[in-house]
file my_file.cif (mmCIF, C-alpha atoms)
data_run
loop_
_atom_site.label_atom_id
_atom_site.label_comp_id
_atom_site.auth_asym_id
_atom_site.auth_seq_id
_atom_site.Cartn_x
_atom_site.Cartn_y
_atom_site.Cartn_z
CA MET A 1 -61.07 35.16 -38.30
CA PRO A 2 -60.92 32.72 -41.16
CA ASN A 3 -61.37 29.64 -39.05
CA ALA A 4 -65.11 29.98 -38.98
CA PHE A 5 -66.84 26.70 -39.68
CA GLY A 6 -70.40 25.51 -39.60
CA VAL A 7 -72.45 22.41 -40.33
CA GLU A 8 -76.09 22.75 -41.30
CA ARG A 9 -78.26 19.68 -41.23
CA THR A 10 -81.34 18.86 -43.25
CA GLU A 11 -82.98 15.60 -44.20
CA LYS A 12 -84.68 14.65 -47.44
CA ASP A 13 -86.00 11.36 -48.80
CA GLY A 14 -84.13 9.35 -46.17
CA VAL A 15 -80.83 11.07 -46.87
CA VAL A 16 -79.16 13.32 -44.31
CA LEU A 17 -77.68 16.41 -45.89
CA LEU A 18 -74.80 18.04 -44.04
CA ALA A 19 -73.84 21.39 -45.57
CA LEU A 20 -70.35 22.48 -44.60
CA ASP A 21 -69.41 26.14 -44.55
CA GLY A 22 -65.93 27.59 -44.07
CA TYR A 23 -62.66 26.15 -42.87
CA LEU A 24 -62.32 22.50 -41.88
CA ASP A 25 -59.01 22.11 -40.03
CA ALA A 26 -57.64 20.50 -36.87
CA HIS A 27 -59.57 23.05 -34.82
CA THR A 28 -62.96 22.60 -36.45
CA ALA A 29 -62.80 18.90 -37.44
CA PRO A 30 -64.20 17.72 -34.05
CA GLN A 31 -67.43 19.63 -34.85
CA PHE A 32 -67.81 17.76 -38.15
CA GLU A 33 -66.87 14.47 -36.50
CA LYS A 34 -69.62 14.98 -33.91
CA ALA A 35 -72.17 15.71 -36.64
CA ILE A 36 -71.36 12.50 -38.54
CA GLN A 37 -71.14 10.47 -35.34
CA GLU A 38 -74.63 11.58 -34.31
CA GLU A 39 -76.12 10.40 -37.60
CA HIS A 40 -74.26 7.09 -37.52
CA THR A 41 -75.22 6.43 -33.89
CA ALA A 42 -78.86 7.11 -34.74
CA GLY A 43 -78.65 4.61 -37.59
CA ARG A 44 -78.90 7.26 -40.31
CA ASN A 45 -76.12 6.16 -42.63
CA ARG A 46 -77.14 7.72 -45.93
CA ILE A 47 -75.20 10.96 -45.71
CA ALA A 48 -74.58 13.55 -48.41
CA VAL A 49 -72.04 16.22 -47.54
CA ASP A 50 -72.60 19.47 -49.39
CA CYS A 51 -69.14 21.00 -49.86
CA GLN A 52 -70.08 23.99 -52.04
CA LYS A 53 -69.27 26.45 -49.26
CA LEU A 54 -66.30 24.52 -47.93
CA THR A 55 -63.38 26.85 -48.56
CA TYR A 56 -60.58 24.87 -46.96
CA ILE A 57 -59.77 21.36 -45.76
CA SER A 58 -56.70 19.91 -44.06
CA SER A 59 -55.86 16.31 -43.18
CA ALA A 60 -57.83 16.57 -39.94
CA GLY A 61 -60.99 17.13 -41.98
CA LEU A 62 -60.11 14.43 -44.51
CA GLY A 63 -59.55 12.11 -41.55
CA VAL A 64 -63.18 12.47 -40.47
CA PHE A 65 -64.40 11.16 -43.82
CA MET A 66 -61.87 8.34 -43.68
CA SER A 67 -62.59 7.23 -40.16
CA PHE A 68 -66.34 6.76 -40.77
CA ILE A 69 -66.61 5.55 -44.34
CA GLU A 70 -66.03 1.88 -43.68
CA GLU A 71 -68.50 1.58 -40.78
CA ILE A 72 -71.11 3.57 -42.63
CA ARG A 73 -70.81 1.39 -45.74
CA ALA A 74 -70.85 -1.73 -43.58
CA ALA A 75 -74.17 -0.46 -42.22
CA GLY A 76 -75.49 -0.20 -45.78
CA GLY A 77 -75.01 3.53 -46.18
CA ASP A 78 -72.50 5.86 -47.75
CA ILE A 79 -70.96 9.29 -47.37
CA LYS A 80 -71.17 11.14 -50.68
CA LEU A 81 -69.40 14.42 -51.29
CA ALA A 82 -71.13 17.00 -53.44
CA GLY A 83 -69.95 20.23 -55.06
CA VAL A 84 -66.36 20.34 -53.86
CA VAL A 85 -64.86 23.54 -55.34
CA PRO A 86 -61.68 23.10 -57.48
CA LYS A 87 -59.34 24.72 -54.94
CA VAL A 88 -60.44 22.25 -52.27
CA TYR A 89 -60.80 19.32 -54.69
CA GLN A 90 -57.06 19.43 -55.39
CA VAL A 91 -56.43 18.44 -51.75
CA PHE A 92 -58.78 15.43 -52.01
CA GLU A 93 -57.08 14.52 -55.25
CA VAL A 94 -53.52 14.52 -53.86
CA LEU A 95 -54.54 11.81 -51.41
CA GLY A 96 -56.54 9.72 -53.86
CA PHE A 97 -59.99 10.39 -52.40
CA PRO A 98 -61.85 10.31 -55.74
CA ALA A 99 -61.02 6.61 -56.08
CA LEU A 100 -62.45 5.78 -52.69
CA PHE A 101 -65.35 8.19 -52.26
CA ASP A 102 -68.34 8.95 -54.41
CA MET A 103 -67.65 12.59 -55.29
CA VAL A 104 -70.36 14.26 -57.36
CA SER A 105 -71.02 17.72 -58.75
CA THR A 106 -74.27 18.55 -57.04
CA VAL A 107 -76.43 17.56 -54.10
CA ASP A 108 -79.07 16.42 -56.62
CA ASP A 109 -76.52 14.01 -58.12
CA ALA A 110 -75.80 12.66 -54.64
CA MET A 111 -79.53 12.17 -54.03
CA SER A 112 -80.00 10.32 -57.30
CA HIS A 113 -76.93 8.16 -56.63
CA PHE A 114 -78.49 7.17 -53.31
CA ALA A 115 -81.80 6.47 -55.00
CA GLN A 116 -80.14 4.27 -57.63
CA GLY A 117 -77.53 2.69 -55.37
CA ILE A 118 -74.69 4.16 -57.43
CA GLY A 119 -71.20 4.78 -56.16
CA THR A 120 -71.03 2.50 -53.18
CA PRO A 121 -68.35 -0.10 -53.81
CA GLU A 122 -69.33 -3.72 -53.23
CA MET B 1 -30.67 43.55 -59.68
CA ALA B 2 -30.95 40.82 -57.08
CA GLU B 3 -33.92 41.18 -54.79
CA MET B 4 -33.20 41.49 -51.10
CA GLU B 5 -34.05 38.60 -48.85
CA LYS B 6 -36.90 39.32 -46.47
CA THR B 7 -37.43 37.54 -43.19
CA PHE B 8 -40.70 37.26 -41.28
CA ALA B 9 -41.61 35.56 -38.03
CA LEU B 10 -44.75 34.55 -36.17
CA HIS B 11 -44.87 33.09 -32.67
CA VAL B 12 -48.21 31.83 -31.43
CA PRO B 13 -49.44 29.86 -28.42
CA SER B 14 -49.70 26.17 -29.19
CA SER B 15 -53.42 25.86 -29.88
CA THR B 16 -55.30 24.65 -32.95
CA GLU B 17 -57.34 27.83 -32.63
CA ASN B 18 -54.29 29.69 -33.98
CA LEU B 19 -54.00 27.63 -37.16
CA ALA B 20 -56.15 30.22 -38.94
CA MET B 21 -53.74 32.99 -37.95
CA ILE B 22 -50.81 30.87 -39.14
CA ARG B 23 -52.50 30.26 -42.51
CA ASP B 24 -53.20 34.00 -42.84
CA PHE B 25 -49.56 34.83 -42.17
CA VAL B 26 -48.30 32.31 -44.71
CA SER B 27 -50.94 33.25 -47.29
CA LYS B 28 -49.86 36.89 -47.17
CA LEU B 29 -46.28 35.79 -47.89
CA GLY B 30 -47.44 33.64 -50.78
CA GLU B 31 -49.33 36.61 -52.21
CA MET B 32 -46.26 38.84 -51.79
CA ALA B 33 -44.25 36.23 -53.70
CA GLY B 34 -46.76 36.41 -56.55
CA MET B 35 -48.30 32.97 -56.11
CA ASP B 36 -51.75 32.32 -57.54
CA GLU B 37 -54.75 31.49 -55.36
CA ARG B 38 -54.28 27.72 -55.56
CA GLU B 39 -50.58 27.90 -54.77
CA VAL B 40 -51.26 30.21 -51.83
CA MET B 41 -53.80 27.76 -50.43
CA LYS B 42 -51.39 24.84 -50.79
CA LEU B 43 -48.58 26.73 -49.07
CA GLY B 44 -50.94 27.56 -46.21
CA LEU B 45 -52.02 23.93 -46.05
CA ALA B 46 -48.44 22.62 -45.82
CA VAL B 47 -47.68 24.99 -42.94
CA ASP B 48 -51.04 24.27 -41.27
CA GLU B 49 -50.28 20.51 -41.35
CA ALA B 50 -46.78 21.01 -39.94
CA CYS B 51 -48.01 23.28 -37.14
CA ALA B 52 -50.99 21.02 -36.33
CA ASN B 53 -48.48 18.19 -35.87
CA VAL B 54 -46.44 20.34 -33.49
CA ILE B 55 -49.52 21.43 -31.50
CA GLU B 56 -51.01 17.93 -31.23
CA HIS B 57 -47.99 15.65 -31.09
CA ALA B 58 -44.84 17.56 -30.08
CA TYR B 59 -46.66 19.68 -27.48
CA GLY B 60 -49.59 17.35 -26.73
CA MET B 61 -52.10 20.25 -26.83
CA ASP B 62 -50.25 22.16 -24.08
CA HIS B 63 -51.37 25.75 -24.74
CA SER B 64 -48.55 27.21 -22.63
CA LYS B 65 -46.04 26.23 -25.33
CA GLU B 66 -45.19 28.28 -28.35
CA VAL B 67 -45.07 27.44 -32.04
CA LYS B 68 -42.42 29.43 -33.88
CA ILE B 69 -42.58 30.03 -37.59
CA ARG B 70 -39.91 31.83 -39.52
CA ALA B 71 -40.21 32.59 -43.20
CA LEU B 72 -37.62 33.73 -45.63
CA LEU B 73 -38.64 35.16 -48.94
CA ASP B 74 -36.36 35.89 -51.86
CA ALA B 75 -36.67 36.09 -55.62
CA ASP B 76 -36.60 32.32 -56.13
CA LYS B 77 -38.21 30.70 -53.12
CA ILE B 78 -40.12 30.82 -49.89
CA GLU B 79 -38.45 28.97 -47.07
CA ILE B 80 -40.44 28.19 -43.95
CA VAL B 81 -38.85 27.01 -40.72
CA ILE B 82 -40.98 25.70 -37.87
CA VAL B 83 -39.29 25.15 -34.54
CA ASP B 84 -40.59 23.54 -31.37
CA ASN B 85 -38.99 22.12 -28.26
CA GLY B 86 -41.59 19.47 -27.59
CA GLN B 87 -41.49 15.74 -28.00
CA SER B 88 -39.38 14.54 -30.92
CA PHE B 89 -40.73 12.29 -33.56
CA ASN B 90 -39.00 10.23 -36.17
CA PRO B 91 -40.32 11.27 -39.57
CA GLY B 92 -38.62 8.26 -41.13
CA GLY B 93 -40.64 6.05 -38.79
CA VAL B 94 -43.95 7.12 -40.30
CA ARG B 95 -44.79 4.36 -42.73
CA GLN B 96 -46.66 5.73 -45.72
CA LEU B 97 -49.80 3.62 -45.87
CA ASN B 98 -52.08 3.94 -48.83
CA LEU B 99 -55.56 5.39 -48.38
CA GLU B 100 -57.29 2.00 -48.29
CA GLU B 101 -54.93 0.76 -45.58
CA LEU B 102 -55.51 3.88 -43.52
CA VAL B 103 -59.27 3.55 -43.86
CA ALA B 104 -59.12 -0.13 -42.92
CA GLN B 105 -57.16 0.75 -39.80
CA ARG B 106 -59.36 3.77 -39.05
CA LYS B 107 -56.27 5.93 -39.01
CA ASN B 108 -55.38 9.17 -40.67
CA GLY B 109 -51.83 9.21 -39.40
CA GLY B 110 -49.24 10.36 -41.87
CA LEU B 111 -51.69 12.15 -44.14
CA GLY B 112 -50.42 15.57 -43.07
CA LEU B 113 -46.83 14.64 -43.80
CA ARG B 114 -47.85 13.24 -47.16
CA LEU B 115 -49.56 16.53 -48.04
CA ILE B 116 -46.51 18.51 -46.93
CA LYS B 117 -44.21 16.40 -49.10
CA SER B 118 -46.48 16.65 -52.11
CA ILE B 119 -46.75 20.44 -51.85
CA MET B 120 -43.23 21.56 -50.90
CA ASP B 121 -40.10 21.08 -53.02
CA ASP B 122 -37.74 20.35 -50.12
CA VAL B 123 -38.67 19.07 -46.67
CA HIS B 124 -36.02 18.55 -44.08
CA TYR B 125 -36.26 17.67 -40.39
CA GLN B 126 -33.53 18.38 -37.92
CA ILE B 127 -34.17 16.72 -34.58
CA VAL B 128 -32.00 17.44 -31.58
CA PRO B 129 -33.57 15.19 -28.91
CA GLY B 130 -34.46 17.04 -25.73
CA GLU B 131 -33.58 20.35 -27.32
CA LYS B 132 -35.51 21.19 -30.48
CA ASN B 133 -37.26 19.90 -33.55
CA GLU B 134 -36.84 21.95 -36.66
CA LEU B 135 -38.74 21.48 -39.88
CA ARG B 136 -37.34 23.39 -42.83
CA MET B 137 -39.30 23.41 -46.05
CA VAL B 138 -38.86 25.21 -49.31
CA LYS B 139 -41.23 26.14 -52.10
CA ARG B 140 -39.52 27.32 -55.25
CA LEU B 141 -41.27 30.11 -57.09
CA LYS B 142 -42.28 29.76 -60.70
CA ARG B 143 -40.77 32.53 -62.78
#

call {"tool": "encode", "arguments": {"input": "my_file.cif", "output": "structure tokens"}}
result
Amino acid sequence: MPNAFGVERTEKDGVVLLALDGYLDAHTAPQFEKAIQEEHTAGRNRIAVDCQKLTYISSAGLGVFMSFIEEIRAAGGDIKLAGVVPKVYQVFEVLGFPALFDMVSTVDDAMSHFAQGIGTPE
Amino acid sequence: MAEMEKTFALHVPSSTENLAMIRDFVSKLGEMAGMDEREVMKLGLAVDEACANVIEHAYGMDHSKEVKIRALLDADKIEIVIVDNGQSFNPGGVRQLNLEELVAQRKNGGLGLRLIKSIMDDVHYQIVPGEKNELRMVKRLKR
């Protein structure tokens, strides 16, 4: 069934990397929410979300990014989105995400933005 | 020669687990209508958002209820009708906050409706309180 979804977690240079795979909708969003919540609760607020294998997102998934971004930035961190494919990017675009989130091409770009403090609004 | 109208229907238990099946159903129709991959995904998204609203809000996650989707396909358009007999909501009462306001309030309410309106050409709610809620939306086909 095409509602398979997975989150794979790794950590590198003080940045948590969450790689999303599959369909992020109202059914699977709680799984992503839990993953972000765990990092935030543990005080790990530098989060890069690898979206290369994310094939679908609905407002429930977008809502997870939105509900955490302010707290995570207030704690000195950020959620950066890397490698969103064009088909999925159009959904982020409709709602104006690129103005609010640091959306980069690759995970390496996200890592270097963290290292240089780029992309986090004041 | 005018193409015949074709009607399709899908009834599924009211559970978010079935959103994938709903998207599949709608995507197949989009493909039949000759939409490209991006258009197919957007059509599926609009219907996913509408059905997720029914499952979560109208039916309050009650799996014993049923979400009914009817689709009508002709040469010019795809019309999708989603009917439920759960709790009514007033679509006019959903104030369209901008993204910053939503983030500040830690809310994502209204985002689904905004996506639906940005994707579909016509969106029309018919609410008969205590009886049914009907969302009718149309996507015109590019020819």

call {"tool": "closest_atom_pairs", "arguments": {"input": "my_file.cif", "of": "chain B", "to": "chain A", "cutoff": "10 Å", "atoms": "only C-alpha atoms", "output": "JSON lines"}}
result
{"residue": "B:Ser15", "atom": "CA", "partner": "A:His27", "partner_atom": "CA", "distance": 8.4}
{"residue": "B:Thr16", "atom": "CA", "partner": "A:His27", "partner_atom": "CA", "distance": 4.9}
{"residue": "B:Glu17", "atom": "CA", "partner": "A:His27", "partner_atom": "CA", "distance": 5.7}
{"residue": "B:Asn18", "atom": "CA", "partner": "A:His27", "partner_atom": "CA", "distance": 8.5}
{"residue": "B:Leu19", "atom": "CA", "partner": "A:His27", "partner_atom": "CA", "distance": 7.6}
{"residue": "B:Ala20", "atom": "CA", "partner": "A:Asn3", "partner_atom": "CA", "distance": 5.3}
{"residue": "B:Met21", "atom": "CA", "partner": "A:Met1", "partner_atom": "CA", "distance": 7.7}
{"residue": "B:Arg23", "atom": "CA", "partner": "A:Pro2", "partner_atom": "CA", "distance": 8.9}
{"residue": "B:Asp24", "atom": "CA", "partner": "A:Pro2", "partner_atom": "CA", "distance": 8.0}
{"residue": "B:Glu37", "atom": "CA", "partner": "A:Lys87", "partner_atom": "CA", "distance": 8.2}
{"residue": "B:Arg38", "atom": "CA", "partner": "A:Lys87", "partner_atom": "CA", "distance": 5.9}
{"residue": "B:Glu39", "atom": "CA", "partner": "A:Lys87", "partner_atom": "CA", "distance": 9.3}
{"residue": "B:Met41", "atom": "CA", "partner": "A:Lys87", "partner_atom": "CA", "distance": 7.8}
{"residue": "B:Lys42", "atom": "CA", "partner": "A:Val91", "partner_atom": "CA", "distance": 8.2}
{"residue": "B:Gly44", "atom": "CA", "partner": "A:Ser58", "partner_atom": "CA", "distance": 9.8}
{"residue": "B:Leu45", "atom": "CA", "partner": "A:Ser58", "partner_atom": "CA", "distance": 6.5}
{"residue": "B:Ala46", "atom": "CA", "partner": "A:Ser58", "partner_atom": "CA", "distance": 8.9}
{"residue": "B:Asp48", "atom": "CA", "partner": "A:Ser58", "partner_atom": "CA", "distance": 7.7}
{"residue": "B:Glu49", "atom": "CA", "partner": "A:Ser58", "partner_atom": "CA", "distance": 7.0}
{"residue": "B:Ala52", "atom": "CA", "partner": "A:Ala26", "partner_atom": "CA", "distance": 6.7}
{"residue": "B:Asn53", "atom": "CA", "partner": "A:Ala26", "partner_atom": "CA", "distance": 9.5}
{"residue": "B:Ile55", "atom": "CA", "partner": "A:Ala26", "partner_atom": "CA", "distance": 9.8}
{"residue": "B:Glu56", "atom": "CA", "partner": "A:Ala26", "partner_atom": "CA", "distance": 9.1}
{"residue": "B:Asn98", "atom": "CA", "partner": "A:Leu95", "partner_atom": "CA", "distance": 8.6}
{"residue": "B:Leu99", "atom": "CA", "partner": "A:Gly96", "partner_atom": "CA", "distance": 7.1}
{"residue": "B:Glu100", "atom": "CA", "partner": "A:Leu100", "partner_atom": "CA", "distance": 7.8}
{"residue": "B:Leu102", "atom": "CA", "partner": "A:Met66", "partner_atom": "CA", "distance": 7.8}
{"residue": "B:Val103", "atom": "CA", "partner": "A:Met66", "partner_atom": "CA", "distance": 5.5}
{"residue": "B:Ala104", "atom": "CA", "partner": "A:Glu70", "partner_atom": "CA", "distance": 7.2}
{"residue": "B:Gln105", "atom": "CA", "partner": "A:Ser67", "partner_atom": "CA", "distance": 8.5}
{"residue": "B:Arg106", "atom": "CA", "partner": "A:Ser67", "partner_atom": "CA", "distance": 4.9}
{"residue": "B:Lys107", "atom": "CA", "partner": "A:Ser67", "partner_atom": "CA", "distance": 6.6}
{"residue": "B:Asn108", "atom": "CA", "partner": "A:Gly63", "partner_atom": "CA", "distance": 5.2}
{"residue": "B:Gly109", "atom": "CA", "partner": "A:Gly63", "partner_atom": "CA", "distance": 8.5}
{"residue": "B:Gly110", "atom": "CA", "partner": "A:Ser59", "partner_atom": "CA", "distance": 9.0}
{"residue": "B:Leu111", "atom": "CA", "partner": "A:Ser59", "partner_atom": "CA", "distance": 6.0}
{"residue": "B:Gly112", "atom": "CA", "partner": "A:Ser59", "partner_atom": "CA", "distance": 5.5}
{"residue": "B:Leu113", "atom": "CA", "partner": "A:Ser59", "partner_atom": "CA", "distance": 9.2}
{"residue": "B:Arg114", "atom": "CA", "partner": "A:Leu95", "partner_atom": "CA", "distance": 8.1}
{"residue": "B:Leu115", "atom": "CA", "partner": "A:Val94", "partner_atom": "CA", "distance": 7.3}
{"residue": "B:Ser118", "atom": "CA", "partner": "A:Val94", "partner_atom": "CA", "distance": 7.6}
{"residue": "B:Ile119", "atom": "CA", "partner": "A:Val94", "partner_atom": "CA", "distance": 9.2}

call {"tool": "write_last_selection", "arguments": {"input": "my_file.cif", "atoms": "C-alpha atoms", "output": "CSV table (one decimal), in the coordinates of the input"}}
result
chain,number,residue,atom,x,y,z
B,15,SER,CA,-53.4,25.9,-29.9
B,16,THR,CA,-55.3,24.6,-33.0
B,17,GLU,CA,-57.3,27.8,-32.6
B,18,ASN,CA,-54.3,29.7,-34.0
B,19,LEU,CA,-54.0,27.6,-37.2
B,20,ALA,CA,-56.2,30.2,-38.9
B,21,MET,CA,-53.7,33.0,-38.0
B,23,ARG,CA,-52.5,30.3,-42.5
B,24,ASP,CA,-53.2,34.0,-42.8
B,37,GLU,CA,-54.8,31.5,-55.4
B,38,ARG,CA,-54.3,27.7,-55.6
B,39,GLU,CA,-50.6,27.9,-54.8
B,41,MET,CA,-53.8,27.8,-50.4
B,42,LYS,CA,-51.4,24.8,-50.8
B,44,GLY,CA,-50.9,27.6,-46.2
B,45,LEU,CA,-52.0,23.9,-46.0
B,46,ALA,CA,-48.4,22.6,-45.8
B,48,ASP,CA,-51.0,24.3,-41.3
B,49,GLU,CA,-50.3,20.5,-41.4
B,52,ALA,CA,-51.0,21.0,-36.3
B,53,ASN,CA,-48.5,18.2,-35.9
B,55,ILE,CA,-49.5,21.4,-31.5
B,56,GLU,CA,-51.0,17.9,-31.2
B,98,ASN,CA,-52.1,3.9,-48.8
B,99,LEU,CA,-55.6,5.4,-48.4
B,100,GLU,CA,-57.3,2.0,-48.3
B,102,LEU,CA,-55.5,3.9,-43.5
B,103,VAL,CA,-59.3,3.6,-43.9
B,104,ALA,CA,-59.1,-0.1,-42.9
B,105,GLN,CA,-57.2,0.8,-39.8
B,106,ARG,CA,-59.4,3.8,-39.0
B,107,LYS,CA,-56.3,5.9,-39.0
B,108,ASN,CA,-55.4,9.2,-40.7
B,109,GLY,CA,-51.8,9.2,-39.4
B,110,GLY,CA,-49.2,10.4,-41.9
B,111,LEU,CA,-51.7,12.2,-44.1
B,112,GLY,CA,-50.4,15.6,-43.1
B,113,LEU,CA,-46.8,14.6,-43.8
B,114,ARG,CA,-47.8,13.2,-47.2
B,115,LEU,CA,-49.6,16.5,-48.0
B,118,SER,CA,-46.5,16.6,-52.1
B,119,ILE,CA,-46.8,20.4,-51.8

call {"tool": "resolve_selection", "arguments": {"input": "my_file.cif", "expression": "the PyMOL selection byres ((chain B and resi 121-127) around 9)", "output": "mmCIF file with C-alpha atoms, in the frame of the given file"}}
result
data_model
loop_
_atom_site.group_PDB
_atom_site.id
_atom_site.type_symbol
_atom_site.label_atom_id
_atom_site.label_comp_id
_atom_site.auth_asym_id
_atom_site.auth_seq_id
_atom_site.Cartn_x
_atom_site.Cartn_y
_atom_site.Cartn_z
ATOM 1 C CA SER B 88 -39.380 14.540 -30.920
ATOM 2 C CA PHE B 89 -40.730 12.290 -33.560
ATOM 3 C CA ASN B 90 -39.000 10.230 -36.170
ATOM 4 C CA PRO B 91 -40.320 11.270 -39.570
ATOM 5 C CA ILE B 116 -46.510 18.510 -46.930
ATOM 6 C CA LYS B 117 -44.210 16.400 -49.100
ATOM 7 C CA SER B 118 -46.480 16.650 -52.110
ATOM 8 C CA ILE B 119 -46.750 20.440 -51.850
ATOM 9 C CA MET B 120 -43.230 21.560 -50.900
ATOM 10 C CA VAL B 128 -32.000 17.440 -31.580
ATOM 11 C CA PRO B 129 -33.570 15.190 -28.910
ATOM 12 C CA GLY B 130 -34.460 17.040 -25.730
ATOM 13 C CA GLU B 131 -33.580 20.350 -27.320
ATOM 14 C CA LYS B 132 -35.510 21.190 -30.480
ATOM 15 C CA ASN B 133 -37.260 19.900 -33.550
ATOM 16 C CA GLU B 134 -36.840 21.950 -36.660
ATOM 17 C CA LEU B 135 -38.740 21.480 -39.880
ATOM 18 C CA ARG B 136 -37.340 23.390 -42.830
ATOM 19 C CA MET B 137 -39.300 23.410 -46.050
ATOM 20 C CA VAL B 138 -38.860 25.210 -49.310
ATOM 21 C CA LYS B 139 -41.230 26.140 -52.100
ATOM 22 C CA ARG B 140 -39.520 27.320 -55.250
#

call {"tool": "resolve_selection", "arguments": {"input": "my_file.cif", "expression": "the PyMOL selection byres ((chain A and resi 20) around 10)", "output": "short mmCIF file (atom, residue, chain, number, x, y, z; two decimals) with C-alpha atoms, in the frame of the given file"}}
result
data_model
loop_
_atom_site.label_atom_id
_atom_site.label_comp_id
_atom_site.auth_asym_id
_atom_site.auth_seq_id
_atom_site.Cartn_x
_atom_site.Cartn_y
_atom_site.Cartn_z
CA PHE A 5 -66.84 26.70 -39.68
CA GLY A 6 -70.40 25.51 -39.60
CA VAL A 7 -72.45 22.41 -40.33
CA GLU A 8 -76.09 22.75 -41.30
CA ARG A 9 -78.26 19.68 -41.23
CA LEU A 17 -77.68 16.41 -45.89
CA LEU A 18 -74.80 18.04 -44.04
CA ALA A 19 -73.84 21.39 -45.57
CA ASP A 21 -69.41 26.14 -44.55
CA GLY A 22 -65.93 27.59 -44.07
CA TYR A 23 -62.66 26.15 -42.87
CA LEU A 24 -62.32 22.50 -41.88
CA PHE A 32 -67.81 17.76 -38.15
CA VAL A 49 -72.04 16.22 -47.54
CA ASP A 50 -72.60 19.47 -49.39
CA CYS A 51 -69.14 21.00 -49.86
CA GLN A 52 -70.08 23.99 -52.04
CA LYS A 53 -69.27 26.45 -49.26
CA LEU A 54 -66.30 24.52 -47.93
CA THR A 55 -63.38 26.85 -48.56
#

call {"tool": "atom_distance", "arguments": {"input": "my_file.cif", "atom1": "CA of Gln37 in chain A", "atom2": "CA of Asp102 in chain A"}}
result
19.3 Å

call {"tool": "atom_distance", "arguments": {"input": "my_file.cif", "atom1": "CA of Glu11 in chain A", "atom2": "CA of Ile47 in chain A"}}
result
9.2 Å

call {"tool": "resolve_selection", "arguments": {"input": "my_file.cif", "expression": "the PyMOL selection byres ((chain B and resi 13) around 8)", "output": "PDB file with C-alpha atoms, in the frame of the given file"}}
result
ATOM      1  CA  HIS B  11     -44.870  33.090 -32.670  1.00  0.00           C
ATOM      2  CA  VAL B  12     -48.210  31.830 -31.430  1.00  0.00           C
ATOM      3  CA  SER B  14     -49.700  26.170 -29.190  1.00  0.00           C
ATOM      4  CA  SER B  15     -53.420  25.860 -29.880  1.00  0.00           C
ATOM      5  CA  ASN B  18     -54.290  29.690 -33.980  1.00  0.00           C
ATOM      6  CA  HIS B  63     -51.370  25.750 -24.740  1.00  0.00           C
ATOM      7  CA  SER B  64     -48.550  27.210 -22.630  1.00  0.00           C
ATOM      8  CA  LYS B  65     -46.040  26.230 -25.330  1.00  0.00           C
ATOM      9  CA  GLU B  66     -45.190  28.280 -28.350  1.00  0.00           C
ATOM     10  CA  VAL B  67     -45.070  27.440 -32.040  1.00  0.00           C
TER      11      VAL B  67
END

call {"tool": "atom_distance", "arguments": {"input": "my_file.cif", "atom1": "CA of Glu39 in chain A", "atom2": "CA of Phe114 in chain A"}}
result
16.2 Å

call {"tool": "residues_around", "arguments": {"input": "my_file.cif", "residues": "range 26-32 of chain B", "least_positions_apart": "4", "cutoff": "8 Å", "atoms": "all atoms listed in the file", "output": "JSON, numbers by chain"}}
result
{"B": [22, 36, 39, 40, 41, 43, 44, 47, 73, 78]}

call {"tool": "closest_residue", "arguments": {"input": "my_file.cif", "among": "A:Gly119, A:Pro30, A:Gly14, A:Gly43", "to": "Lys80 in chain A", "atoms": "all atoms listed in the file"}}
result
A:Gly119

call {"tool": "residues_around", "arguments": {"input": "my_file.cif", "residues": "Ala110 in chain A", "least_positions_apart": "2", "cutoff": "12 Å", "atoms": "only C-alpha atoms", "output": "number ranges by chain"}}
result
A: 12-13, 15-18, 46-51, 78-83, 101-108, 112-120

call {"tool": "residues_near_point", "arguments": {"input": "my_file.cif", "point": "(-36.1, 35.5, -52.4)", "cutoff": "8 Å", "atoms": "only C-alpha atoms", "output": "ChimeraX atom specification"}}
result
/B:3-6,72-78

call {"tool": "axis_aligned_box", "arguments": {"input": "my_file.cif", "around": "range 139-142 of chain B", "padding_each_side": "8 Å", "output": "lines of an AutoDock Vina configuration file"}}
result
center_x = -40.9
center_y = 28.1
center_z = -56.4
size_x = 18.8
size_y = 20.0
size_z = 24.6
